[in-house]
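Structure file upload_19.tsv with TSV, N, CA and C atoms:
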chain	number	residue	atom	x	y	z
A	1	GLN	N	-13.22	-14.84	6.59
A	1	GLN	CA	-12.65	-13.64	7.17
A	1	GLN	C	-11.59	-13.09	6.22
A	2	VAL	N	-11.69	-11.81	5.91
A	2	VAL	CA	-10.74	-11.20	4.99
A	2	VAL	C	-9.40	-11.01	5.67
A	3	GLN	N	-8.35	-11.39	4.98
A	3	GLN	CA	-6.98	-11.18	5.47
A	3	GLN	C	-6.18	-10.48	4.40
A	4	LEU	N	-5.34	-9.56	4.83
A	4	LEU	CA	-4.42	-8.85	3.95
A	4	LEU	C	-3.00	-9.09	4.47
A	5	VAL	N	-2.13	-9.56	3.61
A	5	VAL	CA	-0.77	-9.88	4.03
A	5	VAL	C	0.20	-9.11	3.16
A	6	GLU	N	1.00	-8.25	3.82
A	6	GLU	CA	2.00	-7.46	3.10
A	6	GLU	C	3.33	-8.21	3.04
A	7	SER	N	4.10	-7.92	1.99
A	7	SER	CA	5.44	-8.48	1.87
A	7	SER	C	6.28	-7.53	1.03
A	8	GLY	N	7.61	-7.71	1.11
A	8	GLY	CA	8.51	-6.93	0.26
A	8	GLY	C	9.23	-5.79	0.95
A	9	GLY	N	8.96	-5.58	2.22
A	9	GLY	CA	9.64	-4.48	2.92
A	9	GLY	C	11.08	-4.84	3.25
A	10	GLY	N	11.75	-3.91	3.91
A	10	GLY	CA	13.12	-4.19	4.33
A	10	GLY	C	13.93	-2.93	4.51
A	11	LEU	N	15.24	-3.14	4.62
A	11	LEU	CA	16.19	-2.04	4.80
A	11	LEU	C	16.93	-1.80	3.50
A	12	VAL	N	16.86	-0.56	3.01
A	12	VAL	CA	17.55	-0.20	1.77
A	12	VAL	C	18.26	1.13	1.97
A	13	GLN	N	19.05	1.49	0.98
A	13	GLN	CA	19.74	2.77	1.02
A	13	GLN	C	18.97	3.80	0.19
A	14	ALA	N	19.20	5.05	0.49
A	14	ALA	CA	18.58	6.12	-0.28
A	14	ALA	C	18.90	5.95	-1.76
A	15	GLY	N	17.87	6.09	-2.59
A	15	GLY	CA	18.03	5.92	-4.03
A	15	GLY	C	17.67	4.53	-4.52
A	16	ASP	N	17.54	3.58	-3.61
A	16	ASP	CA	17.17	2.21	-3.98
A	16	ASP	C	15.67	2.10	-4.26
A	17	SER	N	15.28	0.92	-4.68
A	17	SER	CA	13.87	0.63	-4.97
A	17	SER	C	13.39	-0.55	-4.15
A	18	LEU	N	12.10	-0.58	-3.92
A	18	LEU	CA	11.44	-1.71	-3.27
A	18	LEU	C	10.07	-1.90	-3.92
A	19	ARG	N	9.62	-3.14	-3.91
A	19	ARG	CA	8.27	-3.44	-4.39
A	19	ARG	C	7.51	-4.13	-3.28
A	20	LEU	N	6.48	-3.47	-2.79
A	20	LEU	CA	5.61	-4.05	-1.78
A	20	LEU	C	4.46	-4.79	-2.45
A	21	SER	N	4.06	-5.87	-1.81
A	21	SER	CA	2.91	-6.64	-2.29
A	21	SER	C	1.91	-6.79	-1.16
A	22	CYS	N	0.65	-6.86	-1.52
A	22	CYS	CA	-0.42	-7.11	-0.56
A	22	CYS	C	-1.33	-8.17	-1.16
A	23	ALA	N	-1.39	-9.31	-0.50
A	23	ALA	CA	-2.22	-10.42	-0.97
A	23	ALA	C	-3.46	-10.52	-0.10
A	24	ALA	N	-4.61	-10.51	-0.74
A	24	ALA	CA	-5.88	-10.58	-0.03
A	24	ALA	C	-6.47	-11.98	-0.15
A	25	SER	N	-7.15	-12.41	0.89
A	25	SER	CA	-7.83	-13.70	0.88
A	25	SER	C	-9.06	-13.60	1.77
A	26	GLY	N	-9.93	-14.62	1.62
A	26	GLY	CA	-11.09	-14.71	2.50
A	26	GLY	C	-12.36	-14.11	1.97
A	27	THR	N	-12.35	-13.68	0.72
A	27	THR	CA	-13.57	-13.14	0.12
A	27	THR	C	-13.51	-13.30	-1.39
A	28	THR	N	-14.69	-13.45	-1.98
A	28	THR	CA	-14.79	-13.48	-3.43
A	28	THR	C	-15.33	-12.15	-3.96
A	29	LEU	N	-15.62	-11.24	-3.04
A	29	LEU	CA	-16.16	-9.95	-3.43
A	29	LEU	C	-15.06	-9.04	-3.96
A	30	LEU	N	-15.45	-8.14	-4.83
A	30	LEU	CA	-14.50	-7.20	-5.41
A	30	LEU	C	-14.22	-6.06	-4.43
A	31	PHE	N	-12.95	-5.74	-4.27
A	31	PHE	CA	-12.60	-4.56	-3.48
A	31	PHE	C	-12.83	-3.31	-4.32
A	32	GLN	N	-13.64	-2.41	-3.79
A	32	GLN	CA	-13.91	-1.15	-4.49
A	32	GLN	C	-12.61	-0.37	-4.67
A	33	VAL	N	-11.80	-0.36	-3.64
A	33	VAL	CA	-10.52	0.34	-3.69
A	33	VAL	C	-9.54	-0.37	-2.78
A	34	MET	N	-8.28	-0.38	-3.20
A	34	MET	CA	-7.19	-0.87	-2.37
A	34	MET	C	-6.16	0.24	-2.27
A	35	ALA	N	-5.50	0.30	-1.13
A	35	ALA	CA	-4.60	1.43	-0.91
A	35	ALA	C	-3.43	1.03	-0.02
A	36	TRP	N	-2.40	1.86	-0.11
A	36	TRP	CA	-1.26	1.76	0.81
A	36	TRP	C	-1.25	3.01	1.68
A	37	TYR	N	-1.09	2.78	2.97
A	37	TYR	CA	-0.88	3.85	3.92
A	37	TYR	C	0.47	3.62	4.59
A	38	ARG	N	0.97	4.63	5.23
A	38	ARG	CA	2.21	4.47	5.99
A	38	ARG	C	2.14	5.30	7.27
A	39	GLN	N	2.91	4.84	8.24
A	39	GLN	CA	2.98	5.56	9.50
A	39	GLN	C	4.42	5.58	9.99
A	40	ALA	N	4.97	6.76	10.06
A	40	ALA	CA	6.32	6.94	10.58
A	40	ALA	C	6.25	7.17	12.08
A	41	PRO	N	7.34	6.90	12.78
A	41	PRO	CA	7.34	7.10	14.25
A	41	PRO	C	6.94	8.52	14.63
A	42	GLY	N	5.98	8.62	15.52
A	42	GLY	CA	5.54	9.93	16.01
A	42	GLY	C	4.63	10.69	15.06
A	43	LYS	N	4.24	10.05	13.97
A	43	LYS	CA	3.38	10.73	12.99
A	43	LYS	C	2.08	9.95	12.80
A	44	GLN	N	1.11	10.63	12.22
A	44	GLN	CA	-0.16	9.98	11.92
A	44	GLN	C	-0.04	9.12	10.68
A	45	ARG	N	-0.90	8.12	10.60
A	45	ARG	CA	-0.95	7.29	9.41
A	45	ARG	C	-1.44	8.16	8.24
A	46	GLU	N	-0.79	7.99	7.10
A	46	GLU	CA	-1.14	8.81	5.92
A	46	GLU	C	-1.28	7.95	4.68
A	47	LEU	N	-2.11	8.40	3.79
A	47	LEU	CA	-2.29	7.71	2.51
A	47	LEU	C	-1.05	7.90	1.65
A	48	VAL	N	-0.62	6.80	1.03
A	48	VAL	CA	0.49	6.85	0.08
A	48	VAL	C	-0.04	6.81	-1.34
A	49	ALA	N	-0.89	5.82	-1.60
A	49	ALA	CA	-1.46	5.67	-2.93
A	49	ALA	C	-2.67	4.74	-2.85
A	50	ALA	N	-3.56	4.89	-3.81
A	50	ALA	CA	-4.76	4.04	-3.88
A	50	ALA	C	-5.01	3.66	-5.33
A	51	VAL	N	-5.68	2.53	-5.49
A	51	VAL	CA	-6.06	2.11	-6.83
A	51	VAL	C	-7.49	1.57	-6.79
A	52	TYR	N	-8.32	2.04	-7.71
A	52	TYR	CA	-9.73	1.68	-7.73
A	52	TYR	C	-9.94	0.42	-8.57
A	53	SER	N	-11.14	-0.12	-8.51
A	53	SER	CA	-11.42	-1.38	-9.17
A	53	SER	C	-11.25	-1.27	-10.69
A	54	ASN	N	-11.38	-0.06	-11.23
A	54	ASN	CA	-11.19	0.13	-12.67
A	54	ASN	C	-9.74	0.40	-13.04
A	55	GLY	N	-8.85	0.35	-12.02
A	55	GLY	CA	-7.42	0.54	-12.27
A	55	GLY	C	-6.94	1.97	-12.11
A	56	THR	N	-7.83	2.89	-11.88
A	56	THR	CA	-7.43	4.30	-11.72
A	56	THR	C	-6.61	4.47	-10.46
A	57	PRO	N	-5.41	5.05	-10.58
A	57	PRO	CA	-4.58	5.26	-9.40
A	57	PRO	C	-4.73	6.67	-8.83
A	58	ARG	N	-4.36	6.79	-7.59
A	58	ARG	CA	-4.31	8.11	-6.96
A	58	ARG	C	-3.12	8.12	-6.04
A	59	TYR	N	-2.35	9.22	-6.06
A	59	TYR	CA	-1.13	9.30	-5.27
A	59	TYR	C	-1.12	10.51	-4.36
A	60	ALA	N	-0.53	10.32	-3.19
A	60	ALA	CA	-0.21	11.46	-2.35
A	60	ALA	C	0.98	12.19	-2.96
A	61	ASP	N	1.11	13.46	-2.63
A	61	ASP	CA	2.19	14.25	-3.21
A	61	ASP	C	3.57	13.65	-2.91
A	62	SER	N	3.69	12.99	-1.76
A	62	SER	CA	4.99	12.47	-1.34
A	62	SER	C	5.53	11.41	-2.29
A	63	GLY	N	4.63	10.72	-2.99
A	63	GLY	CA	5.08	9.63	-3.85
A	63	GLY	C	4.97	9.88	-5.34
A	64	LYS	N	4.41	11.01	-5.70
A	64	LYS	CA	4.21	11.28	-7.13
A	64	LYS	C	5.54	11.31	-7.87
A	65	GLY	N	5.57	10.58	-8.98
A	65	GLY	CA	6.79	10.50	-9.78
A	65	GLY	C	7.77	9.45	-9.32
A	66	ARG	N	7.60	8.93	-8.12
A	66	ARG	CA	8.51	7.90	-7.60
A	66	ARG	C	7.82	6.58	-7.35
A	67	PHE	N	6.55	6.62	-6.98
A	67	PHE	CA	5.81	5.41	-6.63
A	67	PHE	C	4.80	5.07	-7.73
A	68	SER	N	4.55	3.78	-7.87
A	68	SER	CA	3.55	3.32	-8.83
A	68	SER	C	2.73	2.21	-8.19
A	69	ILE	N	1.42	2.39	-8.17
A	69	ILE	CA	0.53	1.39	-7.57
A	69	ILE	C	-0.19	0.62	-8.67
A	70	SER	N	-0.41	-0.65	-8.42
A	70	SER	CA	-1.14	-1.48	-9.38
A	70	SER	C	-1.82	-2.60	-8.64
A	71	ARG	N	-2.76	-3.26	-9.31
A	71	ARG	CA	-3.43	-4.39	-8.69
A	71	ARG	C	-3.76	-5.44	-9.74
A	72	ASP	N	-3.76	-6.66	-9.29
A	72	ASP	CA	-4.17	-7.80	-10.10
A	72	ASP	C	-5.48	-8.29	-9.50
A	73	ILE	N	-6.58	-7.92	-10.15
A	73	ILE	CA	-7.89	-8.24	-9.57
A	73	ILE	C	-8.11	-9.74	-9.48
A	74	THR	N	-7.63	-10.46	-10.47
A	74	THR	CA	-7.83	-11.91	-10.49
A	74	THR	C	-7.14	-12.56	-9.31
A	75	ARG	N	-5.93	-12.09	-9.00
A	75	ARG	CA	-5.18	-12.68	-7.89
A	75	ARG	C	-5.42	-11.95	-6.57
A	76	LYS	N	-6.27	-10.89	-6.61
A	76	LYS	CA	-6.54	-10.11	-5.40
A	76	LYS	C	-5.23	-9.66	-4.75
A	77	THR	N	-4.35	-9.16	-5.57
A	77	THR	CA	-3.05	-8.70	-5.08
A	77	THR	C	-2.82	-7.27	-5.55
A	78	MET	N	-2.20	-6.51	-4.67
A	78	MET	CA	-1.88	-5.12	-4.97
A	78	MET	C	-0.39	-4.92	-4.79
A	79	TYR	N	0.16	-4.02	-5.57
A	79	TYR	CA	1.59	-3.77	-5.52
A	79	TYR	C	1.87	-2.28	-5.38
A	80	LEU	N	3.02	-1.99	-4.77
A	80	LEU	CA	3.51	-0.62	-4.73
A	80	LEU	C	4.99	-0.65	-5.10
A	81	GLN	N	5.28	-0.15	-6.28
A	81	GLN	CA	6.67	-0.03	-6.71
A	81	GLN	C	7.18	1.31	-6.24
A	82	MET	N	8.22	1.28	-5.43
A	82	MET	CA	8.79	2.51	-4.87
A	82	MET	C	10.21	2.68	-5.39
A	83	ASN	N	10.43	3.74	-6.12
A	83	ASN	CA	11.75	4.03	-6.68
A	83	ASN	C	12.35	5.26	-6.02
A	84	ASN	N	13.65	5.37	-6.14
A	84	ASN	CA	14.37	6.53	-5.61
A	84	ASN	C	13.93	6.83	-4.17
A	85	LEU	N	14.01	5.82	-3.34
A	85	LEU	CA	13.56	5.97	-1.96
A	85	LEU	C	14.41	6.96	-1.19
A	86	GLU	N	13.73	7.64	-0.27
A	86	GLU	CA	14.38	8.67	0.56
A	86	GLU	C	14.24	8.28	2.03
A	87	PRO	N	15.12	8.80	2.88
A	87	PRO	CA	14.99	8.49	4.32
A	87	PRO	C	13.61	8.84	4.88
A	88	ASP	N	12.97	9.89	4.33
A	88	ASP	CA	11.64	10.27	4.80
A	88	ASP	C	10.57	9.24	4.44
A	89	ASP	N	10.90	8.28	3.61
A	89	ASP	CA	9.96	7.20	3.28
A	89	ASP	C	9.96	6.11	4.34
A	90	THR	N	10.86	6.20	5.30
A	90	THR	CA	10.92	5.22	6.37
A	90	THR	C	9.63	5.23	7.18
A	91	ALA	N	8.99	4.06	7.26
A	91	ALA	CA	7.70	3.96	7.95
A	91	ALA	C	7.25	2.50	7.94
A	92	VAL	N	6.19	2.26	8.69
A	92	VAL	CA	5.48	0.99	8.54
A	92	VAL	C	4.42	1.22	7.47
A	93	TYR	N	4.40	0.36	6.47
A	93	TYR	CA	3.45	0.48	5.36
A	93	TYR	C	2.32	-0.52	5.56
A	94	TYR	N	1.09	-0.03	5.41
A	94	TYR	CA	-0.09	-0.84	5.64
A	94	TYR	C	-0.91	-0.98	4.36
A	95	CYS	N	-1.37	-2.17	4.14
A	95	CYS	CA	-2.31	-2.44	3.06
A	95	CYS	C	-3.73	-2.20	3.58
A	96	ASN	N	-4.55	-1.59	2.75
A	96	ASN	CA	-5.94	-1.29	3.10
A	96	ASN	C	-6.82	-1.68	1.93
A	97	ALA	N	-7.95	-2.31	2.24
A	97	ALA	CA	-8.87	-2.71	1.18
A	97	ALA	C	-10.30	-2.47	1.62
A	98	LYS	N	-11.10	-1.94	0.71
A	98	LYS	CA	-12.48	-1.62	1.02
A	98	LYS	C	-13.43	-2.29	0.03
A	99	ILE	N	-14.38	-3.06	0.59
A	99	ILE	CA	-15.44	-3.63	-0.24
A	99	ILE	C	-16.56	-2.60	-0.36
A	100	ASP	N	-16.93	-2.02	0.78
A	100	ASP	CA	-17.88	-0.93	0.84
A	100	ASP	C	-17.59	-0.18	2.14
A	101	PRO	N	-18.26	0.95	2.41
A	101	PRO	CA	-17.90	1.74	3.60
A	101	PRO	C	-17.97	0.99	4.92
A	102	SER	N	-18.74	-0.07	4.98
A	102	SER	CA	-18.86	-0.80	6.24
A	102	SER	C	-17.92	-1.99	6.32
A	103	ARG	N	-17.21	-2.25	5.25
A	103	ARG	CA	-16.28	-3.38	5.22
A	103	ARG	C	-14.93	-2.90	4.68
A	104	VAL	N	-14.12	-2.49	5.66
A	104	VAL	CA	-12.79	-1.97	5.38
A	104	VAL	C	-11.78	-2.79	6.18
A	105	TYR	N	-10.71	-3.19	5.53
A	105	TYR	CA	-9.76	-4.11	6.16
A	105	TYR	C	-8.34	-3.56	6.10
A	106	TRP	N	-7.54	-3.98	7.09
A	106	TRP	CA	-6.15	-3.55	7.17
A	106	TRP	C	-5.23	-4.75	7.30
A	107	GLY	N	-4.05	-4.64	6.73
A	107	GLY	CA	-3.01	-5.62	6.98
A	107	GLY	C	-2.28	-5.29	8.26
A	108	GLN	N	-1.33	-6.16	8.62
A	108	GLN	CA	-0.59	-5.99	9.86
A	108	GLN	C	0.49	-4.92	9.74
A	109	GLY	N	0.90	-4.63	8.53
A	109	GLY	CA	1.94	-3.64	8.32
A	109	GLY	C	3.29	-4.27	8.07
A	110	ILE	N	4.13	-3.56	7.33
A	110	ILE	CA	5.47	-4.05	7.04
A	110	ILE	C	6.43	-2.87	7.09
A	111	GLN	N	7.60	-3.12	7.68
A	111	GLN	CA	8.57	-2.05	7.89
A	111	GLN	C	9.37	-1.79	6.61
A	112	VAL	N	9.50	-0.51	6.29
A	112	VAL	CA	10.40	-0.06	5.25
A	112	VAL	C	11.34	0.96	5.89
A	113	THR	N	12.63	0.68	5.80
A	113	THR	CA	13.62	1.58	6.38
A	113	THR	C	14.60	2.00	5.29
A	114	VAL	N	14.77	3.31	5.14
A	114	VAL	CA	15.67	3.84	4.11
A	114	VAL	C	16.79	4.60	4.82
A	115	SER	N	17.99	4.10	4.65
A	115	SER	CA	19.14	4.74	5.28
A	115	SER	C	19.76	5.77	4.34
A	116	SER	N	20.34	6.80	4.93
A	116	SER	CA	20.95	7.86	4.10
A	116	SER	C	22.41	7.57	3.79
Since I need it in another form, could you write the structure as C-alpha cells?
Amino acid sequence: QVQLVESGGGLVQAGDSLRLSCAASGTTLLFQVMAWYRQAPGKQRELVAAVYSNGTPRYADSGKGRFSISRDITRKTMYLQMNNLEPDDTAVYYCNAKIDPSRVYWGQGIQVTVSS
C-alpha cells in the first residue's frame, strides 16, 4: 500500500523559510509526477508545485520565484523549499503522487502557519 508522509511544517514568521519533505513508501513503481497542494481555511485545495519523473518542475503563480520543488527518485522523496513566506501561504500542505491516472495518492497533510 502506497503511503506518503509529509514533514517539515510549522509556525514561522513572514519572510522566513521552510523546507517540506514527502517520503513515499509501499511501491517500487516510478511516480509519473509528484506534487504539493495546499488548502487554506475556507478555500479549495490548490496546486502549489509539481515535478515530473524527468525532473521538470511546474509552479503555480503564487509560488513562482519563492518556492522550489525537487525530488530524489532513488529515495522516493520530494521536497518543497519555501522562501520569503507570506501570511497568505498559511495552509495545510498535501503531498500528491501519481503512478498513472488510476493510481493517485495523497498524504495526510501538514500545517504551515506564517505569522505577520
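A distance cut-off of 6.5 Å around (8.4, 3.5, 11.9), counting only N, CA and C atoms, selects these protein and nucleic acid residues: Gln39, Ala40, Pro41, Thr90, Ala91 and Val92 of chain A.
Minimum atom-to-atom distance to Trp106 (chain A), evaluated using all atoms listed in the file, belongs to A:Glu6 out of A:Glu6, A:Asp61, A:Glu86, A:Asp16.
Distance-wise, CA of Asn84 (chain A) and atom N of Ser68 (chain A) end up 10.4 Å apart.
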For a cut-off of 9 Å around (17.0, -3.5, 9.5), file coordinates, pick out all residues using only C-alpha atoms and list them as JSON, numbers by chain.
{"A": [10, 11, 12, 111, 112, 113]}
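Residue neighbourhood of Ile73 (chain A), excluding near-sequence residues (fewer than 6 positions): Cys22, Ala23, Ala24, Ser25, Thr28, Leu29, Leu30, Phe31, Gln32, Val33, Met34, Val51, Tyr52, Ser53, Asn54, Gly55 and Tyr79 of chain A, at 12 Å, using only C-alpha atoms.
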Residues of chain A in strand (DSSP E) according to DSSP, as a PyMOL selection string?
chain A and resi 3-7+10-13+18-25+33-39+46-52+57-59+67-72+77-82+91-100+103-106+110-115
Using all atoms listed in the file, determine which residues lie at most 6 Å from Val48 (chain A), disregarding the query and same-chain residues fewer than 5 positions distant; provide the list as a list in words.
Trp36, Tyr37, Arg38, Arg58, Tyr59 and Ala60 of chain A
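Taking atom N of Ala35 (chain A) and atom C of Asp88 (chain A) as endpoints, the distance between them is 19.2 Å.
Closest approach to Leu4 (chain A) among A:Leu18, A:Ala50, A:Met78, A:Ile69: A:Met78, based on only C-alpha atoms.
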Using CA of Lys98 (chain A) and CA of Asn83 (chain A) as the two end points, give the distance in Å to one decimal.
26.0 Å
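With only C-alpha atoms as the atoms that count, the residue of A:Gly42, A:Pro87, A:Gly9, A:Gly63 with the shortest distance to Val114 (chain A) is A:Pro87.
Proximity of A:Thr27, A:Thr56, A:Ser70, A:Thr77 to Val2 (chain A), computed with only C-alpha atoms, is greatest for A:Thr27.
Restricting the calculation to all atoms listed in the file, the smallest distance between Tyr94 (chain A) and any of A:Leu20, A:Ala14, A:Ile110, A:Leu80 is found for A:Ile110.
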With distances taken over only C-alpha atoms, which of A:Asn96, A:Ser17, A:Ser116, A:Arg71 is nearest to Arg45 (chain A)?
A:Asn96
